[in-house]
$ cat work.cif   # mmCIF, C-alpha atoms
data_entry
loop_
_atom_site.label_atom_id
_atom_site.label_comp_id
_atom_site.auth_asym_id
_atom_site.auth_seq_id
_atom_site.Cartn_x
_atom_site.Cartn_y
_atom_site.Cartn_z
CA MET A 1 0.00 0.00 0.00
CA TRP A 2 1.03 3.61 -0.38
CA HIS A 3 1.57 4.93 3.13
CA ARG A 4 -1.40 6.89 4.33
CA GLU A 5 -0.24 10.17 5.77
CA SER A 6 -1.67 11.79 8.82
CA VAL A 7 -4.19 14.43 7.94
CA VAL A 8 -3.76 18.11 8.62
CA SER A 9 -6.03 20.55 6.85
CA THR A 10 -4.49 22.68 4.14
CA GLY A 11 -4.97 25.79 6.20
CA ASP A 12 -3.00 24.27 9.07
CA MET A 13 0.04 23.39 6.99
CA THR A 14 1.56 26.84 6.63
CA LEU A 15 5.03 27.66 7.81
CA SER A 16 3.92 30.00 10.58
CA SER A 17 1.31 27.54 11.86
CA LEU A 18 4.06 24.97 12.43
CA GLY A 19 5.51 27.15 15.15
CA LEU A 20 8.62 27.97 13.13
CA ASP A 21 10.44 31.27 13.43
CA ILE A 22 9.94 32.24 9.79
CA ASP A 23 10.57 35.54 8.10
CA PRO A 24 7.15 37.13 7.41
CA ALA A 25 8.03 37.82 3.78
CA VAL A 26 8.94 34.17 3.13
CA ASP A 27 5.83 32.98 4.96
CA ALA A 28 3.62 35.36 2.96
CA SER A 29 5.21 34.29 -0.33
CA VAL A 30 4.76 30.57 0.39
CA SER A 31 1.21 31.10 1.63
CA ALA A 32 0.32 33.05 -1.50
CA THR A 33 1.67 30.27 -3.69
CA LEU A 34 -0.28 27.62 -1.77
CA THR A 35 -3.48 29.66 -2.12
CA ALA A 36 -2.93 29.92 -5.87
CA VAL A 37 -2.16 26.19 -6.06
CA GLU A 38 -5.41 25.38 -4.26
CA GLU A 39 -7.44 27.55 -6.62
CA ALA A 40 -5.79 26.10 -9.73
CA LEU A 41 -6.12 22.52 -8.48
CA ARG A 42 -9.91 22.70 -8.80
CA GLY A 43 -9.54 23.34 -12.52
CA TYR A 44 -7.00 20.59 -13.05
CA VAL A 45 -9.25 17.92 -11.49
CA ALA A 46 -12.25 19.04 -13.55
CA SER A 47 -13.77 16.89 -16.29
CA ALA A 48 -16.60 17.20 -18.81
CA ASP A 49 -17.97 13.94 -17.41
CA PRO A 50 -19.90 14.74 -14.20
CA LEU A 51 -19.01 11.42 -12.52
CA VAL A 52 -15.32 11.79 -13.27
CA ALA A 53 -15.41 15.41 -12.12
CA GLU A 54 -17.10 14.52 -8.84
CA ALA A 55 -14.82 11.57 -8.11
CA ALA A 56 -11.66 13.46 -9.09
CA ARG A 57 -12.64 16.39 -6.87
CA HIS A 58 -13.31 14.06 -3.96
CA LEU A 59 -9.84 13.98 -2.39
CA ALA A 60 -8.82 17.44 -3.55
CA ASP A 61 -11.81 18.85 -1.68
CA ALA A 62 -10.92 16.81 1.41
CA GLY A 63 -7.78 18.90 1.84
CA GLY A 64 -4.54 17.50 3.21
CA LYS A 65 -1.14 18.92 4.05
CA ARG A 66 -0.09 20.02 0.55
CA PHE A 67 3.42 19.28 1.80
CA ARG A 68 4.75 18.76 -1.73
CA PRO A 69 3.44 22.09 -3.08
CA MET A 70 4.89 23.73 0.04
CA LEU A 71 8.34 22.40 -0.88
CA VAL A 72 7.91 23.69 -4.42
CA ALA A 73 7.12 27.12 -2.98
CA LEU A 74 10.08 26.97 -0.57
CA GLY A 75 12.45 25.85 -3.31
CA ALA A 76 11.28 28.77 -5.43
CA GLN A 77 12.58 31.18 -2.79
CA PHE A 78 16.08 30.65 -4.23
CA GLY A 79 15.03 32.10 -7.55
CA ASP A 80 11.95 34.07 -8.52
CA PRO A 81 9.12 32.75 -6.28
CA GLY A 82 6.61 34.66 -8.39
CA ALA A 83 7.54 32.91 -11.65
CA PRO A 84 4.32 31.80 -13.40
CA GLU A 85 5.53 28.19 -13.73
CA ILE A 86 5.69 27.66 -9.95
CA VAL A 87 1.95 27.11 -9.40
CA ALA A 88 1.76 24.70 -12.34
CA ALA A 89 4.82 22.78 -11.11
CA ALA A 90 3.29 22.50 -7.63
CA ASN A 91 0.11 21.10 -9.12
CA VAL A 92 2.05 18.52 -11.14
CA VAL A 93 3.40 16.99 -7.94
CA GLU A 94 0.13 17.32 -6.04
CA LEU A 95 -1.90 15.71 -8.84
CA THR A 96 0.62 12.88 -8.98
CA HIS A 97 0.34 12.45 -5.22
CA LEU A 98 -3.47 12.52 -5.27
CA ALA A 99 -3.53 9.90 -8.03
CA THR A 100 -1.50 7.49 -5.89
CA LEU A 101 -4.03 7.89 -3.08
CA TYR A 102 -6.89 6.61 -5.25
CA HIS A 103 -4.89 3.53 -6.17
CA ASP A 104 -3.73 3.15 -2.57
CA ASP A 105 -7.26 2.93 -1.23
CA VAL A 106 -8.17 0.23 -3.74
CA MET A 107 -5.15 -1.84 -2.74
CA ASP A 108 -5.88 -1.31 0.97
CA GLU A 109 -9.64 -1.72 0.61
CA ALA A 110 -9.69 1.41 2.76
CA PRO A 111 -13.16 2.72 3.69
CA VAL A 112 -12.00 6.21 4.73
CA ARG A 113 -9.48 8.74 3.41
CA ARG A 114 -8.91 12.17 4.95
CA GLY A 115 -11.93 11.78 7.18
CA ALA A 116 -14.35 11.09 4.30
CA PRO A 117 -15.53 7.90 2.58
CA SER A 118 -12.81 6.74 0.19
CA ALA A 119 -13.45 6.90 -3.54
CA ASN A 120 -13.45 3.12 -3.85
CA SER A 121 -16.03 2.71 -1.09
CA ARG A 122 -18.24 5.34 -2.70
CA TRP A 123 -17.91 4.55 -6.41
CA GLY A 124 -16.25 1.13 -6.48
CA ASN A 125 -12.74 -0.06 -7.25
CA SER A 126 -12.91 0.30 -11.04
CA VAL A 127 -13.95 3.95 -10.91
CA ALA A 128 -11.35 4.72 -8.23
CA ILE A 129 -8.55 3.16 -10.31
CA LEU A 130 -9.61 4.98 -13.46
CA VAL A 131 -9.93 8.32 -11.66
CA GLY A 132 -6.41 7.82 -10.34
CA ASP A 133 -5.30 7.18 -13.93
CA TYR A 134 -7.11 10.35 -15.01
CA LEU A 135 -5.24 12.41 -12.43
CA PHE A 136 -1.92 10.93 -13.57
CA ALA A 137 -2.86 11.97 -17.11
CA GLN A 138 -3.71 15.49 -15.93
CA ALA A 139 -0.35 15.71 -14.17
CA ALA A 140 1.44 14.60 -17.34
CA ASP A 141 -0.47 17.10 -19.46
CA LEU A 142 0.37 19.91 -17.06
CA ALA A 143 4.03 18.84 -16.99
CA ALA A 144 4.07 19.05 -20.79
CA SER A 145 3.10 22.73 -20.53
CA LEU A 146 6.30 23.26 -18.52
CA GLY A 147 8.55 21.69 -21.13
CA PRO A 148 10.44 18.45 -21.85
CA GLU A 149 12.51 18.49 -18.65
CA ALA A 150 9.39 18.60 -16.49
CA VAL A 151 7.90 15.71 -18.48
CA HIS A 152 11.03 13.61 -18.01
CA LEU A 153 11.24 14.39 -14.30
CA GLN A 154 7.57 13.63 -13.66
CA ALA A 155 7.72 10.37 -15.63
CA ARG A 156 10.91 9.21 -13.93
CA THR A 157 9.49 10.08 -10.54
CA PHE A 158 6.32 8.16 -11.32
CA ALA A 159 8.43 5.16 -12.32
CA ARG A 160 10.18 5.30 -8.95
CA LEU A 161 6.83 5.50 -7.16
CA VAL A 162 5.70 2.36 -8.97
CA HIS A 163 8.96 0.53 -8.27
CA GLY A 164 8.63 1.41 -4.60
CA GLN A 165 5.05 0.15 -4.52
CA ILE A 166 6.04 -3.11 -6.22
CA ALA A 167 8.91 -3.57 -3.76
CA GLU A 168 6.52 -3.15 -0.83
CA THR A 169 3.92 -5.44 -2.38
CA VAL A 170 6.31 -8.35 -2.94
CA GLY A 171 8.13 -7.84 0.37
CA PRO A 172 11.79 -8.10 1.38
CA ARG A 173 12.38 -11.39 -0.51
CA GLY A 174 15.27 -12.37 1.72
CA SER A 175 16.75 -8.90 2.20
CA ASP A 176 16.94 -7.17 5.57
CA PRO A 177 13.38 -6.00 6.40
CA ILE A 178 14.57 -2.65 7.77
CA GLU A 179 16.75 -1.89 4.75
CA HIS A 180 13.87 -2.94 2.51
CA TYR A 181 11.44 -0.69 4.35
CA LEU A 182 13.72 2.34 4.03
CA HIS A 183 14.23 1.55 0.33
CA VAL A 184 10.47 1.46 -0.19
CA ILE A 185 10.04 4.85 1.50
CA THR A 186 12.89 6.31 -0.54
CA GLU A 187 11.27 5.24 -3.79
CA LYS A 188 7.58 5.77 -3.24
CA THR A 189 7.52 8.76 -0.90
CA ALA A 190 10.83 10.61 -0.89
CA SER A 191 11.25 10.56 -4.68
CA LEU A 192 8.19 12.78 -5.24
CA ILE A 193 9.17 15.10 -2.39
CA ALA A 194 12.65 15.41 -3.94
CA THR A 195 11.06 16.31 -7.27
CA SER A 196 8.90 18.89 -5.51
CA ALA A 197 11.91 20.73 -4.09
CA ARG A 198 13.73 20.38 -7.43
CA PHE A 199 10.77 21.84 -9.33
CA GLY A 200 10.75 24.87 -7.03
CA GLY A 201 14.37 25.66 -7.73
CA LEU A 202 14.22 24.76 -11.41
CA PHE A 203 11.17 26.79 -12.40
CA SER A 204 12.13 29.79 -10.29
CA GLY A 205 15.38 30.03 -12.25
CA ALA A 206 17.67 29.19 -9.33
CA PRO A 207 21.31 28.30 -10.17
CA ALA A 208 21.90 24.64 -11.08
CA GLU A 209 23.93 23.90 -7.95
CA HIS A 210 21.09 25.23 -5.81
CA VAL A 211 18.56 23.09 -7.67
CA GLU A 212 20.65 19.99 -6.96
CA ALA A 213 20.98 20.91 -3.29
CA LEU A 214 17.22 21.35 -3.04
CA ALA A 215 16.64 17.95 -4.64
CA GLY A 216 19.05 16.31 -2.21
CA TYR A 217 17.31 18.01 0.68
CA GLY A 218 13.89 16.91 -0.58
CA ALA A 219 14.99 13.29 -0.94
CA THR A 220 16.26 13.13 2.62
CA ILE A 221 13.58 15.20 4.32
CA GLY A 222 11.06 13.05 2.46
CA ILE A 223 12.27 9.96 4.30
CA ALA A 224 12.15 11.79 7.63
CA PHE A 225 8.67 13.09 6.80
CA GLN A 226 7.24 9.63 6.15
CA LEU A 227 8.96 8.07 9.15
CA SER A 228 7.66 10.82 11.42
CA ASP A 229 4.14 10.21 10.10
CA ASP A 230 4.51 6.52 10.92
CA LEU A 231 5.67 7.37 14.43
CA LEU A 232 2.85 9.87 14.88
CA ASP A 233 0.37 7.05 14.26
CA ILE A 234 1.81 5.34 17.34
CA ALA A 235 2.69 8.31 19.53
CA SER A 236 -0.46 10.42 19.21
CA GLU A 237 -2.81 10.12 22.16
CA SER A 238 -5.76 11.41 20.18
CA VAL A 239 -6.91 11.68 16.59
CA GLN A 240 -4.50 14.59 16.00
CA SER A 241 -2.92 12.53 13.21
CA GLY A 242 -6.21 12.37 11.31
CA LYS A 243 -6.72 8.68 11.99
CA THR A 244 -7.26 6.54 15.05
CA PRO A 245 -3.90 5.99 16.80
CA GLY A 246 -2.42 2.60 16.03
CA THR A 247 -4.12 2.21 12.66
CA ASP A 248 -0.97 0.73 11.15
CA LEU A 249 -0.78 -1.84 13.97
CA ARG A 250 -4.40 -2.79 13.46
CA GLU A 251 -3.82 -3.26 9.73
CA GLY A 252 -0.54 -5.13 10.17
CA VAL A 253 1.56 -2.46 8.44
CA PRO A 254 5.19 -3.05 9.54
CA THR A 255 6.48 0.49 10.11
CA LEU A 256 9.98 1.23 11.41
CA PRO A 257 9.27 1.00 15.18
CA VAL A 258 7.61 -2.38 14.61
CA LEU A 259 10.54 -3.63 12.55
CA TYR A 260 13.01 -2.43 15.18
CA ALA A 261 10.99 -4.19 17.88
CA LEU A 262 10.82 -7.44 15.93
CA ALA A 263 14.56 -7.33 15.22
CA GLY A 264 15.44 -6.61 18.85
CA ASP A 265 16.92 -9.17 21.21
CA ASP A 266 15.91 -7.52 24.50
CA THR A 267 15.04 -10.14 27.09
CA ASP A 268 12.95 -8.05 29.46
CA ALA A 269 9.34 -9.16 29.76
CA SER A 270 7.80 -6.16 27.99
CA ALA A 271 10.07 -6.48 24.94
CA VAL A 272 9.43 -10.21 24.68
CA ARG A 273 5.68 -9.70 24.99
CA LEU A 274 5.76 -6.92 22.36
CA ARG A 275 7.57 -9.18 19.90
CA GLU A 276 4.97 -11.89 20.49
CA LEU A 277 2.13 -9.50 19.79
CA LEU A 278 3.73 -7.96 16.69
CA ALA A 279 4.69 -11.34 15.23
CA SER A 280 1.05 -12.40 15.27
CA GLY A 281 0.13 -10.08 12.39
CA PRO A 282 -2.69 -7.51 12.25
CA LEU A 283 -3.89 -6.70 15.77
CA THR A 284 -7.64 -6.55 15.25
CA ASP A 285 -8.53 -7.55 18.81
CA ASP A 286 -9.07 -4.33 20.76
CA ASP A 287 -7.41 -5.53 23.95
CA LEU A 288 -4.33 -6.92 22.21
CA HIS A 289 -4.11 -3.81 20.05
CA ALA A 290 -4.21 -1.54 23.11
CA GLU A 291 -1.58 -3.65 24.87
CA ALA A 292 0.77 -3.59 21.88
CA LEU A 293 0.31 0.14 21.38
CA THR A 294 1.16 0.86 25.03
CA LEU A 295 4.24 -1.39 24.94
CA LEU A 296 5.43 0.06 21.65
CA ARG A 297 5.13 3.65 22.85
CA GLU A 298 7.40 2.87 25.80
CA SER A 299 9.82 0.62 23.92
CA VAL A 300 13.48 0.93 23.03
CA ALA A 301 12.37 0.39 19.42
CA MET A 302 10.29 3.59 19.51
CA LYS A 303 13.23 5.54 20.91
CA LYS A 304 15.48 4.15 18.19
CA ALA A 305 12.94 5.06 15.51
CA ARG A 306 12.79 8.65 16.81
CA GLU A 307 16.59 8.80 16.65
CA THR A 308 16.43 7.57 13.05
CA VAL A 309 14.00 10.34 12.13
CA ARG A 310 16.31 12.91 13.71
CA THR A 311 19.30 11.47 11.85
CA TYR A 312 17.56 11.87 8.50
CA ALA A 313 16.41 15.38 9.44
CA GLU A 314 20.00 16.34 10.25
CA GLU A 315 21.21 14.79 6.98
CA ALA A 316 18.62 16.89 5.16
CA ARG A 317 19.95 19.99 6.92
CA ALA A 318 23.47 19.12 5.71
CA GLU A 319 22.18 18.94 2.13
CA LEU A 320 21.39 22.66 2.38
CA ALA A 321 25.06 23.63 2.71
CA PRO A 322 25.45 24.87 -0.91
CA LEU A 323 22.46 27.21 -0.56
CA PRO A 324 23.00 30.87 0.37
CA ASP A 325 22.33 31.82 3.97
CA GLY A 326 19.15 33.75 4.50
CA ASP A 327 15.50 33.54 5.45
CA ALA A 328 14.61 30.87 2.87
CA LYS A 329 17.37 28.55 4.02
CA ARG A 330 16.38 29.07 7.64
CA ALA A 331 12.82 28.08 6.73
CA LEU A 332 14.04 24.79 5.30
CA GLU A 333 16.20 24.22 8.37
CA GLY A 334 13.20 24.95 10.58
CA LEU A 335 11.23 22.30 8.72
CA CYS A 336 13.94 19.79 9.66
CA ASP A 337 13.43 20.65 13.32
CA PHE A 338 9.65 20.44 13.06
CA ILE A 339 9.74 16.97 11.51
CA ALA A 340 12.33 15.70 13.98
CA ASP A 341 10.40 17.03 16.98
CA ARG A 342 6.76 16.36 16.07
CA THR A 343 6.67 12.84 17.55
CA SER A 344 8.75 13.56 20.68
#
$ encode --input "work.cif" --output "structure tokens"
Amino acid sequence: MWHRESVVSTGDMTLSSLGLDIDPAVDASVSATLTAVEEALRGYVASADPLVAEAARHLADAGGKRFRPMLVALGAQFGDPGAPEIVAAANVVELTHLATLYHDDVMDEAPVRRGAPSANSRWGNSVAILVGDYLFAQAADLAASLGPEAVHLQARTFARLVHGQIAETVGPRGSDPIEHYLHVITEKTASLIATSARFGGLFSGAPAEHVEALAGYGATIGIAFQLSDDLLDIASESVQSGKTPGTDLREGVPTLPVLYALAGDDTDASAVRLRELLASGPLTDDDLHAEALTLLRESVAMKKARETVRTYAEEARAELAPLPDGDAKRALEGLCDFIADRTS
């Protein structure tokens, strides 16, 4: 399955709302871009067929973080953030992301997405798959308006998304489960986030070395972003993550803390009991689920997973070294801190 991210409304996912010390001009510029992206997105998901239009609007209207468009807008700060291509580039990555969600829900047989009935539960699997395909087509068409390089980048990114999904579907096949898990995240989540940051630099006219630094940052922060979402599913005491805490445990999704726990050799009673619970597969029994969630929150594995998130966040910060010092760079550094700290 494509990892289901925690849900934060679009309005909540602005730089200032994250509690970051951001220059007002940078915050205003990014917010203006995200507003324009949101307005344009409605047109890009439109269709002459009323059913397609309604189904394609379904997830766009449900909101979400718009994390990928935000990175496009932040990357654009190193060139001309007002360049007309920026909004289109942000919608290319968001349409691609939305398309994966339709396919994801079919594969997961998920009844809910972003707090609303999923497309597959409302219209059936066939319609959900085809609407996802339609959104991929819209993303490709929009990329074509940006030129050959955008087409190549979007297509290559999509190929990586698919390879990552296939790798997750078939499983480790004898490789180390933790290495396999991180590879899957790199391909199917971080690759699109890397392209988002690259697009921001590229279409704002930033120097080539800055574009490459942004792409490297996006690739690494993308891993941290997904890992932190996985940890938030365990650590949150409420529905702040947009889904019931422990959803991944209930569905048997082996996220990093679970893999660390299963690979551990601790002999204390709680660690042994946690391994027994996790090895049994999806925890659909409420009592067993609650027990496993409590043990996992207090485990060495959870601590190690948090340290892993922080390591990737610090590696992402290091990728910013070639970029000029200033408010835009500080905003990207602040995002590293936010992602590293959000599950602590």
$ resolve_selection --input "work.cif" --expression "the PyMOL selection byres ((chain A and resi 162) around 12)" --output "list in words"
Met1, Trp2, Thr96, Ala99, Thr100, His103, Asp104, Ala155, Arg156, Thr157, Phe158, Ala159, Arg160, Leu161, His163, Gly164, Gln165, Ile166, Ala167, Glu168, Thr169, Val184, Ile185, Thr186, Glu187, Lys188, Thr189, Ser191 and Leu192 of chain A
$ resolve_selection --input "work.cif" --expression "the PyMOL selection byres ((chain A and resi 91) around 8)" --output "PyMOL selection string"
chain A and resi 37+40-41+69+87-90+92-95+139
$ write_last_selection --input "work.cif" --atoms "C-alpha atoms" --output "CSV table (one decimal), in the coordinates of the input"
chain,number,residue,atom,x,y,z
A,37,VAL,CA,-2.2,26.2,-6.1
A,40,ALA,CA,-5.8,26.1,-9.7
A,41,LEU,CA,-6.1,22.5,-8.5
A,69,PRO,CA,3.4,22.1,-3.1
A,87,VAL,CA,2.0,27.1,-9.4
A,88,ALA,CA,1.8,24.7,-12.3
A,89,ALA,CA,4.8,22.8,-11.1
A,90,ALA,CA,3.3,22.5,-7.6
A,92,VAL,CA,2.0,18.5,-11.1
A,93,VAL,CA,3.4,17.0,-7.9
A,94,GLU,CA,0.1,17.3,-6.0
A,95,LEU,CA,-1.9,15.7,-8.8
A,139,ALA,CA,-0.4,15.7,-14.2
$ residues_around --input "work.cif" --residues "range 123-133 of chain A" --least-positions-apart "5" --cutoff "8 Å" --atoms "all atoms listed in the file" --output "CSV table (one decimal) with C-alpha atoms, in the coordinates of the input"
chain,number,residue,atom,x,y,z
A,52,VAL,CA,-15.3,11.8,-13.3
A,55,ALA,CA,-14.8,11.6,-8.1
A,56,ALA,CA,-11.7,13.5,-9.1
A,98,LEU,CA,-3.5,12.5,-5.3
A,99,ALA,CA,-3.5,9.9,-8.0
A,100,THR,CA,-1.5,7.5,-5.9
A,101,LEU,CA,-4.0,7.9,-3.1
A,102,TYR,CA,-6.9,6.6,-5.2
A,103,HIS,CA,-4.9,3.5,-6.2
A,106,VAL,CA,-8.2,0.2,-3.7
$ resolve_selection --input "work.cif" --expression "the PyMOL selection byres ((chain A and resi 209) around 12)" --output "PyMOL selection string"
chain A and resi 78+198+201-202+205-208+210-216+319-324
$ closest_atom_pairs --input "work.cif" --of "range 218-305 of chain A" --to "range 327-337 of chain A" --cutoff "12 Å" --atoms "only C-alpha atoms" --output "Markdown table"
| residue | atom | partner | partner_atom | distance |
| --- | --- | --- | --- | --- |
| A:Gly218 | CA | A:Leu332 | CA | 9.8 |
| A:Thr220 | CA | A:Cys336 | CA | 10.0 |
| A:Ile221 | CA | A:Cys336 | CA | 7.1 |
| A:Gly222 | CA | A:Cys336 | CA | 10.3 |
| A:Ile223 | CA | A:Cys336 | CA | 11.3 |
| A:Ala224 | CA | A:Cys336 | CA | 8.4 |
| A:Phe225 | CA | A:Cys336 | CA | 9.0 |
| A:Ser228 | CA | A:Cys336 | CA | 11.1 |
$ atom_distance --input "work.cif" --atom1 "CA of Asp141 in chain A" --atom2 "CA of Ala83 in chain A"
19.4 Å
$ closest_residue --input "work.cif" --among "A:Arg310, A:Tyr44, A:Ala150, A:His289" --to "Gly200 in chain A" --atoms "only C-alpha atoms"
A:Ala150
$ atom_distance --input "work.cif" --atom1 "CA of Leu277 in chain A" --atom2 "CA of Ala292 in chain A"
6.4 Å
$ closest_residue --input "work.cif" --among "A:Thr247, A:Arg317, A:Leu256, A:Asp268" --to "Leu283 in chain A" --atoms "only C-alpha atoms"
A:Thr247
$ atom_distance --input "work.cif" --atom1 "CA of Ala140 in chain A" --atom2 "CA of His152 in chain A"
9.7 Å
$ closest_residue --input "work.cif" --among "A:Lys304, A:Arg297, A:Arg250, A:Arg68" --to "Glu237 in chain A" --atoms "all atoms listed in the file"
A:Arg297
